[in-house]
Amino acid sequence: MAILLDSYHKYQFRPLHFLNPSIMTAMSSIISPFHFLLILLVAAHSICCGATDKEKDVYIVYMGSLPEGQYSPTSHHLSLLEEILGESAATESIVRSYTRSFNAFAARLSNEEQQRIASKKEVLSVFPSRTLQLQTTRSWEFIGLAETAKRNPAVESDVIIGVLDTGIWPESESFSDKGYGPPPKKWKGTCKGGSNFTCNNKIIGARAYSSDQNSSVRDEEGHGSHTASTAAGSKVPDASFYGVAKGIARGGVPSARIAAYKVCDSIGCAGEDVLAAFDDAIADGVDLISISLGGEPIAVDSDIISIGSFHAMEKGILTVHSAGNEGPSVSSVSSVAPWLFSVAASSTDRKIITKVVLANGKTLTGNAVNSFTLNGTKFPLVYGKAASRSCSDILAWNCIEGCLDSRLVEGKIVVCNDPNVIEETSRVGALGTIILGDDQKDVSFVLPLPASILATDQFSVLQSFLNSTKNPQGSILKSETTKDTHAPVVASFSSRGPNSILEDILKPDISAPGIEILAAFSPVASLSSFNEDKRHAKYNILSGTSMACPHVTGAAAYIKTFHPDWSPSAIKSALMTTAWPMNATIQGQYEDGEFAFGAGHINPVKAKAPGLVYEASKDDYLKMLCSINITTFGTCPKHVTGSPKDLNYPSIQAQVNAVKKFTVEFPRTATNVGPGNSTYVAKVDVADSDIKVSVKPGTLSFKSSGEKKSFIVTVSGKGLKVTSRLSASLVWSDGTHNVRSPIVIYTLPMTQNTI
């Protein structure tokens, strides 16, 4: 899979330097058009096409559910390969057999060989194994799940969360097993953590999937420890990042158990390893799976996360998945299957800022997580040619690699126009850096030197100071926290809908805290992923949908402690229909509404008693898939009708043709999980007069808990403009419970930031 992105941190991406428009303009001004074009062509080819690989590629051969009765999956897999490759070549070709929870194998095959295997009647699909990429002191209080919230500690201790990530650091205080009893009796897993790795009664399972036989589950990247502790970390007082964001670090379900499945390293996450972890986690007996990684959106029958999570759903296991970090691009959400719980990232009411104090007394406010202190001392500020002897003004202003002169920046704070040059300023030994950066002004990242990233208005003040002062000086203060009264707001980087694969299924499903989250980290990992950054810490501040995902995992586990028998779809419905409605108009330049936040912002305590839930079973998902001719996941029933919009989903969405009049019906069935005798009345809120919404019947009367009632939502309109999205909502209320479903009608094509 071609990756066109690099990172501030490994898991928060930024554009590559040479694709930056200002840099390309600068380059074109100093070299000939021919050579400039040649550079771009070579660069584009190296990214898009990569080096020619003479070796065979790894393919996943998917064969569905395991047959009942006596059956040896591995023998069958080898037999299939032998028919195509011969006996000796088959043994060398096979990479992995999936034998515990579903029937599949991974093998190295040529294009011709994979086509021949795909023609076998027992093979449902064959597709390339992709390399996927990885995508809290205050956050739990912000979403209402405070330490004082009502809990069932004994039941919580029986909940097992499987985390598919970069591993885990078992010695972290967040994974202490003090006060824990033995693992739940239902646990069927094992601790294969590798050398120098020991499980305990908190981390009850560990597996690694590298081809290296000496591989360990020990986390050397930090990402896995961060996500695991966010979901289920033990309570740790006075946690902070060098004093920044100090408080109590804990997970949503601090008493829950963790099983760590190491599927990723510094390079990425091999698809065949991710599928193997699903195979094991399902059979090991986890209650939920949390997976904060992904790639570009692809068809569900070729996506290992969709396939693995489908089999988890079959066994009553909910999979919570990060939506992706490709926002604000439209249709960038990569978590598209309806049985996945897809999570967007949003802010909390705690914002981390870094101030710049100029010698004239003015203070500028920017973004960065700065752990360094300059003690208020003013240092020289250098900008453009003052920091370079070899480059033009425009290249020097942008601090392009090779332009900064280490002798001219020593002991000084470098000012740069380009936000992608942090590593260069650090490499040449600058004391600090102040950078122009509007793209991600809603988030602060950990950087390897004293730094602050200023929005245009603040940077203009700095430029005026530089231009009007003979010897400009200033200082960068250590980061501080401030109250963000606008929260929650969806992060600019959080991937957006509409769903490009299943157009009538709203994705993402929900929003949760994913900006500036403090959680456990690996003490051997780089804090900022820059080579010059030699600091290490037990806790780190990260941002991404990777951080939002475990918040929902923890919330789902919390709901499961009160309702152990609820299905994955019931838990998901409870969290979606009780979510805080979010205001699309506060999203600034990223007004993507439900395409950004789904049903709204997570509210775990409210979801404990939702009143009604919308449930969907394996058969319901199969009918939906069969309605669009996807037969990979099971046998289709006869005479399938309808479309994905008819799935009993907690949200309601349909794509319609622009200009033409339309009428769309959405059948839904609500299950009463509240008091036996209760009556719910429908209330519709329509934000735009171009659509009309009706609900029949408008009243649902229940006589017992568990009873089901069906209704139909009808949405009609006189024809919408191209690239439009109209929103409404349906709320069923009995006076105590308010069961809310967003309604979205939209047209294509969509363009970025166009609603």
# chains A, B, ... in the order shown; residues from 1 in each chain; ligands from 1
>>> residues_around(residues="Gly222 of chain A", least_positions_apart="3", cutoff="12 Å", atoms="only C-alpha atoms", output="JSON, numbers by chain")
{"A": [9, 10, 11, 134, 165, 166, 167, 168, 169, 170, 172, 217, 218, 219, 225, 226, 227, 228, 229, 262, 264, 265, 266, 518, 519, 520, 521, 522, 523, 524, 525, 526, 527, 528, 529, 536, 537, 538, 539, 540, 541, 542]}
>>> closest_residue(among="A:Ile691, A:Val446, A:Ala337, A:Ile352", to="Phe530 of chain A", atoms="only C-alpha atoms")
A:Val446
>>> select_by_dssp(residues="segment 53-291 of chain A", states="strand (DSSP E)", output="PyMOL selection string")
chain A and resi 57-62+94-98+104-109+125-128+131-134+160-165+203-208+236-241+244-249+257-262+269-270+288-291
>>> residues_around(residues="Val695 of chain A", least_positions_apart="6", cutoff="9 Å", atoms="only C-alpha atoms", output="PyMOL selection string")
chain A and resi 682-684+711-714+730
>>> closest_atom_pairs(of="segment 246-349 of chain A", to="segment 422-443 of chain A", cutoff="12 Å", atoms="only C-alpha atoms", output="CSV")
residue,atom,partner,partner_atom,distance
A:Asn325,CA,A:Gln440,CA,12.0
A:Gly327,CA,A:Gln440,CA,10.5
A:Pro328,CA,A:Asp439,CA,10.1
A:Ala345,CA,A:Val443,CA,11.1
A:Ser346,CA,A:Asp442,CA,9.7
A:Ser347,CA,A:Asp442,CA,8.4
A:Thr348,CA,A:Val443,CA,11.0
>>> residues_around(residues="Ala548 of chain A", least_positions_apart="6", cutoff="6 Å", atoms="only C-alpha atoms", output="list of chain:residue names")
A:Ala345, A:Ala512, A:Pro513, A:Gly514
>>> write_last_selection(atoms="C-alpha atoms", output="tab-separated table (two decimals), in the first residue's frame")
chain	number	residue	atom	x	y	z
A	345	ALA	CA	-11.38	12.00	17.64
A	512	ALA	CA	-14.52	10.45	21.76
A	513	PRO	CA	-11.52	12.27	23.27
A	514	GLY	CA	-8.49	11.95	20.99
>>> atom_distance(atom1="atom CA of Pro498 of chain A", atom2="atom CA of Ser331 of chain A")
4.9 Å
>>> closest_residue(among="A:Ala387, A:Ala359, A:Glu516, A:Ser500", to="Ser240 of chain A", atoms="only C-alpha atoms")
A:Glu516
>>> residues_around(residues="segment 367-382 of chain A", least_positions_apart="3", cutoff="9 Å", atoms="only C-alpha atoms", output="PyMOL selection string")
chain A and resi 241-244+352-355+357-359+385-387+408-409+411-415+431+433+440-455+466+471-480+516+541
>>> residues_around(residues="Pro297 of chain A", least_positions_apart="4", cutoff="7 Å", atoms="only C-alpha atoms", output="PyMOL selection string")
chain A and resi 333-335
